[in-house]
$ cat run_26.cif   # mmCIF, C-alpha atoms
data_work
#
loop_
_atom_site.label_atom_id
_atom_site.label_comp_id
_atom_site.auth_asym_id
_atom_site.auth_seq_id
_atom_site.Cartn_x
_atom_site.Cartn_y
_atom_site.Cartn_z
CA MET E 1241 0.00 0.00 0.00
CA PRO E 1242 1.27 3.54 -0.70
CA GLU E 1243 2.40 5.90 2.04
CA LEU E 1244 -0.16 6.74 4.71
CA GLU E 1245 0.96 10.26 5.54
CA ARG E 1246 2.08 13.31 3.65
CA ARG E 1247 3.17 16.87 4.39
CA LEU E 1248 0.75 19.15 2.55
CA ALA E 1249 2.42 21.70 0.31
CA VAL E 1250 -0.04 24.58 0.73
CA SER E 1251 -0.65 24.58 4.49
CA GLY E 1252 2.40 22.65 5.66
CA HIS E 1253 0.14 20.47 7.82
CA LEU E 1254 0.75 16.74 8.16
CA ALA E 1255 -2.08 14.60 6.77
CA ARG E 1256 -2.30 11.02 7.99
CA LEU E 1257 -4.57 8.05 7.25
CA GLU E 1258 -5.05 5.43 9.96
CA GLU E 1259 -7.06 2.21 9.67
CA SER E 1260 -9.29 1.23 12.57
CA ARG E 1261 -8.02 -1.68 14.64
CA THR E 1262 -11.55 -2.82 15.41
CA ARG E 1263 -13.26 -2.12 12.08
CA PRO E 1264 -11.08 -3.24 9.14
CA GLY E 1265 -11.61 -1.14 6.02
CA SER E 1266 -12.55 1.84 8.16
CA TRP E 1267 -10.15 4.80 8.00
CA THR E 1268 -9.69 8.14 9.74
CA LEU E 1269 -7.97 11.11 8.14
CA THR E 1270 -6.26 13.57 10.47
CA VAL E 1271 -4.76 16.89 9.40
CA ASP E 1272 -2.49 18.73 11.83
CA GLY E 1273 -3.64 16.26 14.47
CA THR E 1274 -7.34 17.07 13.97
CA PRO E 1275 -9.71 14.30 12.81
CA GLN E 1276 -11.09 15.52 9.48
CA SER E 1277 -12.82 12.55 7.87
CA HIS E 1278 -13.87 8.99 8.53
CA VAL E 1279 -14.42 6.52 5.68
CA ASP E 1280 -15.67 2.94 5.66
CA LEU E 1281 -14.77 1.45 2.29
CA GLU E 1282 -17.07 -1.55 2.74
CA GLN E 1283 -20.03 0.50 4.00
CA PRO E 1284 -19.73 4.04 2.61
CA GLU E 1285 -23.30 4.74 3.68
CA TRP E 1286 -22.14 4.40 7.33
CA LEU E 1287 -21.09 7.81 8.61
CA GLY E 1288 -18.85 7.70 11.67
CA PHE E 1289 -18.72 11.35 12.69
CA GLU E 1290 -21.85 12.83 14.23
CA TYR E 1291 -21.66 16.14 12.35
CA VAL E 1292 -21.24 14.27 9.05
CA ARG E 1293 -24.40 12.29 9.78
CA ARG E 1294 -26.21 15.59 10.27
CA ILE E 1295 -25.05 16.72 6.83
CA GLY E 1296 -25.99 13.28 5.50
CA HIS E 1297 -29.59 13.89 6.58
CA ALA E 1298 -29.72 16.87 4.22
CA VAL E 1299 -28.40 14.65 1.43
CA ASP E 1300 -31.17 12.17 2.22
CA LEU E 1301 -33.99 14.70 2.37
CA VAL E 1302 -33.17 17.16 -0.42
CA ARG E 1303 -34.81 14.94 -3.07
CA GLU E 1304 -36.81 11.73 -3.21
CA GLU E 1305 -34.95 8.72 -1.79
CA GLY E 1306 -32.49 7.18 -4.26
CA ARG E 1307 -32.92 9.86 -6.91
CA PRO E 1308 -29.63 11.03 -8.52
CA ILE E 1309 -28.62 14.55 -7.55
CA THR E 1310 -26.03 17.14 -8.44
CA ALA E 1311 -23.76 17.77 -5.45
CA LEU E 1312 -21.07 20.38 -4.88
CA HIS E 1313 -18.55 19.74 -2.10
CA LEU E 1314 -16.40 22.65 -0.94
CA GLY E 1315 -13.61 20.87 0.91
CA GLY E 1316 -12.72 17.29 0.04
CA GLY E 1317 -11.07 15.63 3.03
CA ALA E 1318 -11.23 11.87 2.49
CA PHE E 1319 -14.36 12.29 0.30
CA THR E 1320 -16.67 10.79 2.92
CA LEU E 1321 -19.82 12.52 1.68
CA PRO E 1322 -19.12 12.05 -2.05
CA ARG E 1323 -18.85 8.33 -1.27
CA TYR E 1324 -22.12 8.52 0.67
CA VAL E 1325 -23.85 10.12 -2.31
CA ILE E 1326 -22.44 7.43 -4.63
CA ALA E 1327 -23.79 4.69 -2.33
CA THR E 1328 -27.22 6.18 -1.62
CA ARG E 1329 -27.95 8.02 -4.87
CA PRO E 1330 -26.37 6.09 -7.76
CA GLY E 1331 -25.89 8.09 -10.95
CA SER E 1332 -25.37 11.40 -9.15
CA ARG E 1333 -23.04 14.03 -10.58
CA GLN E 1334 -20.59 15.51 -8.12
CA GLN E 1335 -18.00 18.27 -8.05
CA VAL E 1336 -15.40 18.48 -5.29
CA ILE E 1337 -13.18 21.52 -4.72
CA GLU E 1338 -10.06 20.88 -2.64
CA LEU E 1339 -7.12 23.20 -2.07
CA GLU E 1340 -4.56 20.57 -1.11
CA SER E 1341 -3.66 18.50 -4.18
CA ASP E 1342 -1.30 16.43 -2.02
CA LEU E 1343 -4.26 15.44 0.15
CA VAL E 1344 -6.28 14.37 -2.88
CA ASP E 1345 -3.36 12.23 -4.07
CA LEU E 1346 -2.89 10.65 -0.63
CA VAL E 1347 -6.55 9.75 -0.28
CA ARG E 1348 -7.04 8.49 -3.82
CA ALA E 1349 -3.95 6.29 -3.62
CA ASN E 1350 -5.18 4.58 -0.47
CA LEU E 1351 -8.96 4.96 -0.59
CA PRO E 1352 -10.00 4.99 -4.27
CA PHE E 1353 -13.50 5.77 -5.48
CA PRO E 1354 -15.68 2.93 -6.77
CA ARG E 1355 -15.35 2.27 -10.49
CA GLY E 1356 -17.65 4.47 -12.56
CA ALA E 1357 -18.19 7.15 -9.92
CA GLN E 1358 -19.09 10.51 -11.47
CA VAL E 1359 -16.93 12.72 -9.27
CA ARG E 1360 -14.95 15.62 -10.71
CA VAL E 1361 -12.22 16.97 -8.42
CA ARG E 1362 -11.19 20.57 -8.98
CA HIS E 1363 -7.98 21.79 -7.35
CA GLY E 1364 -7.60 25.20 -5.77
CA ASP E 1365 -9.02 27.63 -3.26
CA ALA E 1366 -12.73 26.99 -2.81
CA ARG E 1367 -13.76 30.60 -3.32
CA GLU E 1368 -11.60 31.14 -6.39
CA VAL E 1369 -12.68 27.88 -8.05
CA LEU E 1370 -16.32 28.46 -7.12
CA ALA E 1371 -16.30 31.71 -9.06
CA LYS E 1372 -15.02 29.86 -12.15
CA LEU E 1373 -17.31 26.83 -12.18
CA PRO E 1374 -19.08 26.09 -15.48
CA ALA E 1375 -22.22 28.10 -16.14
CA GLY E 1376 -24.07 24.81 -16.50
CA LEU E 1377 -24.01 24.49 -12.71
CA ASP E 1378 -25.93 27.74 -12.23
CA GLY E 1379 -29.28 26.82 -10.72
CA ALA E 1380 -28.43 23.12 -10.95
CA VAL E 1381 -26.92 22.11 -7.60
CA ASP E 1382 -29.21 20.11 -5.33
CA ILE E 1383 -26.86 20.21 -2.36
CA ALA E 1384 -23.76 22.28 -1.68
CA ILE E 1385 -21.68 21.17 1.30
CA VAL E 1386 -19.29 23.68 2.85
CA ASP E 1387 -16.81 21.84 5.06
CA ILE E 1388 -13.60 23.81 4.69
CA PHE E 1389 -10.83 23.61 7.25
CA SER E 1390 -7.15 24.42 7.32
CA GLY E 1391 -6.08 22.19 10.16
CA ALA E 1392 -8.70 22.83 12.87
CA ARG E 1393 -9.94 26.24 11.63
CA THR E 1394 -12.17 27.50 8.84
CA PRO E 1395 -10.43 30.28 6.85
CA ALA E 1396 -12.03 33.71 7.12
CA HIS E 1397 -12.65 34.25 3.41
CA VAL E 1398 -15.15 31.36 3.19
CA THR E 1399 -17.34 32.63 6.04
CA SER E 1400 -18.70 35.88 4.61
CA ALA E 1401 -21.91 36.99 2.92
CA GLU E 1402 -19.89 37.66 -0.22
CA PHE E 1403 -18.68 34.04 -0.22
CA HIS E 1404 -22.23 32.73 0.12
CA GLY E 1405 -23.22 35.11 -2.63
CA LEU E 1406 -21.10 32.91 -4.89
CA VAL E 1407 -22.69 29.68 -3.61
CA SER E 1408 -26.28 30.91 -3.69
CA PRO E 1409 -26.80 31.19 -7.50
CA ARG E 1410 -25.63 27.61 -7.99
CA LEU E 1411 -28.58 26.13 -6.10
CA ALA E 1412 -31.40 24.43 -7.96
CA PRO E 1413 -34.97 25.13 -6.82
CA GLY E 1414 -35.27 23.43 -3.45
CA GLY E 1415 -31.50 23.07 -3.22
CA ILE E 1416 -29.80 23.11 0.18
CA VAL E 1417 -26.51 24.48 1.46
CA ALA E 1418 -25.10 22.55 4.44
CA VAL E 1419 -22.30 24.24 6.38
CA ASN E 1420 -20.10 22.69 9.06
CA VAL E 1421 -19.31 25.33 11.69
CA ALA E 1422 -16.85 24.72 14.54
CA ASP E 1423 -17.14 26.88 17.65
CA GLY E 1424 -16.75 26.91 21.40
CA ALA E 1425 -17.99 28.65 24.53
CA GLY E 1426 -20.39 31.49 23.82
CA LEU E 1427 -20.95 30.44 20.20
CA ALA E 1428 -20.18 33.94 18.89
CA PHE E 1429 -18.78 32.57 15.65
CA ALA E 1430 -21.70 30.18 15.10
CA ARG E 1431 -24.25 32.91 15.81
CA SER E 1432 -22.61 35.21 13.28
CA GLN E 1433 -22.58 32.42 10.71
CA ALA E 1434 -26.29 31.82 11.26
CA ALA E 1435 -26.89 35.56 10.86
CA THR E 1436 -24.89 35.55 7.63
CA LEU E 1437 -26.79 32.62 6.15
CA SER E 1438 -30.09 34.28 7.13
CA HIS E 1439 -28.94 37.39 5.29
CA VAL E 1440 -28.32 35.44 2.06
CA TYR E 1441 -31.01 32.74 2.19
CA ALA E 1442 -34.71 32.89 3.00
CA HIS E 1443 -34.78 29.69 5.05
CA VAL E 1444 -32.16 28.65 7.62
CA ALA E 1445 -31.96 26.00 10.34
CA LEU E 1446 -29.21 24.36 12.36
CA ALA E 1447 -28.56 21.10 14.18
CA ALA E 1448 -26.43 20.61 17.29
CA ASP E 1449 -26.53 18.78 20.59
CA THR E 1450 -27.85 20.62 23.64
CA GLY E 1451 -24.39 20.93 25.19
CA MET E 1452 -23.18 22.82 22.13
CA LEU E 1453 -26.29 25.01 22.02
CA LYS E 1454 -25.68 26.02 25.64
CA GLY E 1455 -22.10 26.93 24.79
CA ARG E 1456 -20.66 24.34 27.16
CA ARG E 1457 -17.98 22.89 24.92
CA PHE E 1458 -16.16 23.12 21.61
CA GLY E 1459 -17.74 21.19 18.76
CA ASN E 1460 -19.64 21.30 15.50
CA VAL E 1461 -22.88 23.00 14.52
CA VAL E 1462 -24.34 22.01 11.15
CA MET E 1463 -26.28 24.77 9.43
CA TYR E 1464 -28.74 24.38 6.56
CA ALA E 1465 -29.91 27.11 4.21
CA SER E 1466 -32.10 27.36 1.12
CA HIS E 1467 -34.03 29.85 -0.96
CA ASP E 1468 -37.04 27.57 -0.50
CA PRO E 1469 -38.64 25.94 2.56
CA LEU E 1470 -36.41 23.19 3.94
CA PRO E 1471 -37.91 19.67 3.57
CA PHE E 1472 -37.19 18.82 7.18
CA ALA E 1473 -40.47 17.53 8.64
CA GLY E 1474 -38.77 14.24 9.53
CA LEU E 1475 -35.40 15.68 10.58
CA PRO E 1476 -36.10 16.22 14.31
CA ARG E 1477 -36.87 12.51 14.69
CA ARG E 1478 -33.69 11.55 12.83
CA LEU E 1479 -31.59 13.85 15.00
CA ALA E 1480 -33.17 12.67 18.25
CA SER E 1481 -32.64 8.98 17.44
CA ASP E 1482 -28.95 9.38 16.54
CA PRO E 1483 -26.31 7.78 18.82
CA ALA E 1484 -25.28 11.39 19.51
CA PRO E 1485 -28.71 13.05 19.80
CA ALA E 1486 -29.18 16.58 18.52
CA LYS E 1487 -32.01 19.02 18.02
CA LEU E 1488 -33.15 21.14 15.10
CA VAL E 1489 -33.22 24.89 15.67
CA ASP E 1490 -35.32 26.99 13.29
CA GLY E 1491 -38.03 29.63 13.22
CA ASP E 1492 -38.32 31.82 16.32
CA GLU E 1493 -35.78 29.68 18.17
CA LEU E 1494 -33.22 30.43 15.45
CA VAL E 1495 -33.96 34.15 15.76
CA ARG E 1496 -33.25 33.89 19.48
CA PHE E 1497 -30.07 31.92 18.77
CA ILE E 1498 -28.80 34.66 16.43
CA ALA E 1499 -29.74 37.31 19.01
CA GLY E 1500 -28.49 40.30 17.03
CA ALA E 1501 -25.20 38.71 15.94
CA PRO E 1502 -23.61 40.61 13.05
CA VAL E 1503 -23.64 39.50 9.43
CA VAL E 1504 -20.08 38.60 8.41
CA THR E 1505 -18.63 40.50 5.44
CA ASP E 1506 -15.25 40.26 3.74
CA ALA E 1507 -14.21 43.31 5.75
CA THR E 1508 -15.09 41.75 9.12
CA ALA E 1509 -14.48 38.03 8.53
CA VAL E 1510 -12.20 36.08 10.88
CA PRO E 1511 -11.24 32.39 10.99
CA SER E 1512 -13.20 30.04 13.21
CA PRO E 1513 -11.81 29.84 16.75
CA PRO E 1514 -9.12 27.23 17.43
CA PRO E 1515 -9.91 24.33 19.75
CA ALA E 1516 -7.63 23.37 22.59
CA ARG E 1517 -5.06 20.87 21.35
CA SER E 1518 -6.73 18.19 23.46
CA VAL E 1519 -10.05 18.57 21.69
CA PHE E 1520 -11.16 16.28 18.88
CA LEU E 1521 -13.83 17.97 16.77
CA SER E 1522 -15.57 14.63 16.22
CA ARG E 1523 -14.99 10.98 17.01
CA PRO E 1524 -15.95 8.00 14.87
#

$ encode --input "run_26.cif" --output "structure tokens"
Amino acid sequence: MPELERRLAVSGHLARLEESRTRPGSWTLTVDGTPQSHVDLEQPEWLGFEYVRRIGHAVDLVREEGRPITALHLGGGAFTLPRYVIATRPGSRQQVIELESDLVDLVRANLPFPRGAQVRVRHGDAREVLAKLPAGLDGAVDIAIVDIFSGARTPAHVTSAEFHGLVSPRLAPGGIVAVNVADGAGLAFARSQAATLSHVYAHVALAADTGMLKGRRFGNVVMYASHDPLPFAGLPRRLASDPAPAKLVDGDELVRFIAGAPVVTDATAVPSPPPARSVFLSRP
């Protein structure tokens, strides 16, 4: 098997793949010591990280079960969610934008896609590549997943209203944007991200466990946004029955969550806050 770790040229971070000792064929990708992705090659529909499952629910609900979709992934990691779409929605067309070409090479050498998968990987900064995507994707994307990290932090330039102004026109009618937001005590960053999405999109909701919502610990909040009503009637039940239960926040409760937080612009954007070195963002 090829090498299992590589120093990434753009960020300088060390990326490493490690196979589970208890679940053969199951791999975790860490970057700069932070768990970034978890992949099960034998069961790609099994999602190990809780926040990824919460994004997976949006993949499940955006269109009728099993129907092929067009998906846009901003941030590649180990391609966990592209593999999930391949497994659950055969025939889907997918575009992945990833800055670190070395990471793409490392993952593809060790964890290749199934034969015949319709996944196009585009190399470069997510915002720059997004602005240059083919016009054929305008109004055609069923789900856009924003999961961009450099090590343990989301870069500032992919958190602003101007950035989402580039994502927004790509959505098909009923299309959903799912954003992975990492934050800690006080949730100031998450609240500002919710305010920003609400500024760009007509319908916004988020999913997190109650400990996160009370600002008790560092972790992940998954946010959903669309120009059209979100098809989430069954999502609270899915979230509540998860091994790591979460709740859906929308409507008046979302307004209270935002609580006057500012909309992020290019002029005010900052990276997401760093976790303590002892914190794992998610565990498989």

$ residues_around --input "run_26.cif" --residues "Val1444 (chain E)" --least-positions-apart "4" --cutoff "8 Å" --atoms "only C-alpha atoms" --output "list in words"
Ala1434, Leu1437, Ser1438, Met1463, Tyr1464, Ala1465, Ser1466, Leu1470 and Asp1490 of chain E

$ residues_around --input "run_26.cif" --residues "Leu1254 (chain E)" --least-positions-apart "5" --cutoff "10 Å" --atoms "only C-alpha atoms" --output "short mmCIF file (atom, residue, chain, number, x, y, z; two decimals) with C-alpha atoms, in the frame of the given file"
data_model
loop_
_atom_site.label_atom_id
_atom_site.label_comp_id
_atom_site.auth_asym_id
_atom_site.auth_seq_id
_atom_site.Cartn_x
_atom_site.Cartn_y
_atom_site.Cartn_z
CA GLU E 1245 0.96 10.26 5.54
CA ARG E 1246 2.08 13.31 3.65
CA ARG E 1247 3.17 16.87 4.39
CA LEU E 1248 0.75 19.15 2.55
CA ALA E 1249 2.42 21.70 0.31
CA THR E 1270 -6.26 13.57 10.47
CA VAL E 1271 -4.76 16.89 9.40
CA ASP E 1272 -2.49 18.73 11.83
CA GLY E 1273 -3.64 16.26 14.47
CA THR E 1274 -7.34 17.07 13.97
CA LEU E 1343 -4.26 15.44 0.15
CA GLY E 1391 -6.08 22.19 10.16
#

$ resolve_selection --input "run_26.cif" --expression "the PyMOL selection byres ((chain E and resi 1488) around 6)" --output "VMD selection string"
chain E and resid 1446 to 1447 1476 1487 1489

$ closest_residue --input "run_26.cif" --among "E:Leu1287, E:Ala1412, E:Ala1425, E:Ile1337" --to "Ile1388 (chain E)" --atoms "all atoms listed in the file"
E:Ile1337

$ closest_residue --input "run_26.cif" --among "E:Pro1413, E:Gly1405, E:Pro1471, E:Pro1374" --to "Thr1505 (chain E)" --atoms "all atoms listed in the file"
E:Gly1405

$ closest_residue --input "run_26.cif" --among "E:Arg1362, E:Arg1478, E:Arg1263, E:His1439" --to "Ala1298 (chain E)" --atoms "all atoms listed in the file"
E:Arg1478

$ closest_residue --input "run_26.cif" --among "E:Ala1428, E:Val1302, E:Ala1486, E:Ala1371" --to "Pro1469 (chain E)" --atoms "all atoms listed in the file"
E:Val1302

$ closest_residue --input "run_26.cif" --among "E:Lys1454, E:Arg1323, E:His1397, E:Arg1431" --to "Phe1353 (chain E)" --atoms "all atoms listed in the file"
E:Arg1323

$ closest_residue --input "run_26.cif" --among "E:Pro1483, E:Pro1514, E:Gly1424, E:Gly1491" --to "Arg1294 (chain E)" --atoms "all atoms listed in the file"
E:Pro1483

$ resolve_selection --input "run_26.cif" --expression "the PyMOL selection byres ((chain E and resi 1502) around 6)" --output "list in words"
Ser1432, Ala1501 and Val1503 of chain E

$ residues_near_point --input "run_26.cif" --point "(-26.3, 9.5, -5.6)" --cutoff "7 Å" --atoms "all atoms listed in the file" --output "VMD selection string"
chain E and resid 1306 to 1309 1325 to 1332

$ decode --input "run_26.cif" --residues "region 1409-1432 of chain E" --atoms "N, CA and C atoms" --output "compact mmCIF listing (two decimals), in the first residue's frame"
# COMPACT_ATOMS: atom_id res chain seq x y z
N PRO E 1409 -26.23 31.33 -6.15
CA PRO E 1409 -26.80 31.19 -7.50
C PRO E 1409 -26.66 29.79 -8.08
N ARG E 1410 -25.82 28.96 -7.47
CA ARG E 1410 -25.63 27.61 -7.99
C ARG E 1410 -26.78 26.67 -7.62
N LEU E 1411 -27.56 27.04 -6.60
CA LEU E 1411 -28.58 26.13 -6.10
C LEU E 1411 -29.74 25.96 -7.08
N ALA E 1412 -30.17 24.72 -7.24
CA ALA E 1412 -31.40 24.43 -7.96
C ALA E 1412 -32.59 24.80 -7.09
N PRO E 1413 -33.79 24.94 -7.66
CA PRO E 1413 -34.97 25.13 -6.82
C PRO E 1413 -35.07 24.02 -5.78
N GLY E 1414 -35.23 24.41 -4.53
CA GLY E 1414 -35.27 23.43 -3.45
C GLY E 1414 -33.91 22.96 -2.99
N GLY E 1415 -32.84 23.48 -3.60
CA GLY E 1415 -31.50 23.07 -3.22
C GLY E 1415 -31.11 23.56 -1.84
N ILE E 1416 -30.20 22.84 -1.21
CA ILE E 1416 -29.80 23.11 0.18
C ILE E 1416 -28.30 23.33 0.25
N VAL E 1417 -27.90 24.31 1.06
CA VAL E 1417 -26.51 24.48 1.46
C VAL E 1417 -26.37 23.94 2.88
N ALA E 1418 -25.40 23.06 3.10
CA ALA E 1418 -25.10 22.55 4.44
C ALA E 1418 -23.70 23.00 4.81
N VAL E 1419 -23.57 23.64 5.97
CA VAL E 1419 -22.30 24.24 6.38
C VAL E 1419 -21.88 23.65 7.73
N ASN E 1420 -20.66 23.16 7.80
CA ASN E 1420 -20.10 22.69 9.06
C ASN E 1420 -19.38 23.85 9.74
N VAL E 1421 -19.86 24.21 10.94
CA VAL E 1421 -19.31 25.33 11.69
C VAL E 1421 -18.74 24.81 13.00
N ALA E 1422 -17.48 25.11 13.28
CA ALA E 1422 -16.85 24.72 14.54
C ALA E 1422 -16.76 25.94 15.45
N ASP E 1423 -17.15 25.75 16.71
CA ASP E 1423 -17.14 26.88 17.65
C ASP E 1423 -17.06 26.35 19.07
N GLY E 1424 -16.87 27.27 20.00
CA GLY E 1424 -16.75 26.91 21.40
C GLY E 1424 -17.63 27.75 22.30
N ALA E 1425 -17.19 27.96 23.52
CA ALA E 1425 -17.99 28.65 24.53
C ALA E 1425 -18.50 30.00 24.02
N GLY E 1426 -19.78 30.24 24.24
CA GLY E 1426 -20.39 31.49 23.82
C GLY E 1426 -20.98 31.47 22.43
N LEU E 1427 -20.43 30.64 21.56
CA LEU E 1427 -20.95 30.44 20.20
C LEU E 1427 -21.04 31.73 19.38
N ALA E 1428 -20.14 32.68 19.64
CA ALA E 1428 -20.18 33.94 18.89
C ALA E 1428 -19.97 33.72 17.40
N PHE E 1429 -19.05 32.84 17.06
CA PHE E 1429 -18.78 32.57 15.65
C PHE E 1429 -19.98 31.90 14.99
N ALA E 1430 -20.55 30.88 15.66
CA ALA E 1430 -21.70 30.18 15.10
C ALA E 1430 -22.90 31.11 14.95
N ARG E 1431 -23.12 31.98 15.92
CA ARG E 1431 -24.25 32.91 15.81
C ARG E 1431 -24.07 33.86 14.62
N SER E 1432 -22.84 34.31 14.41
CA SER E 1432 -22.61 35.21 13.28
C SER E 1432 -22.75 34.47 11.95
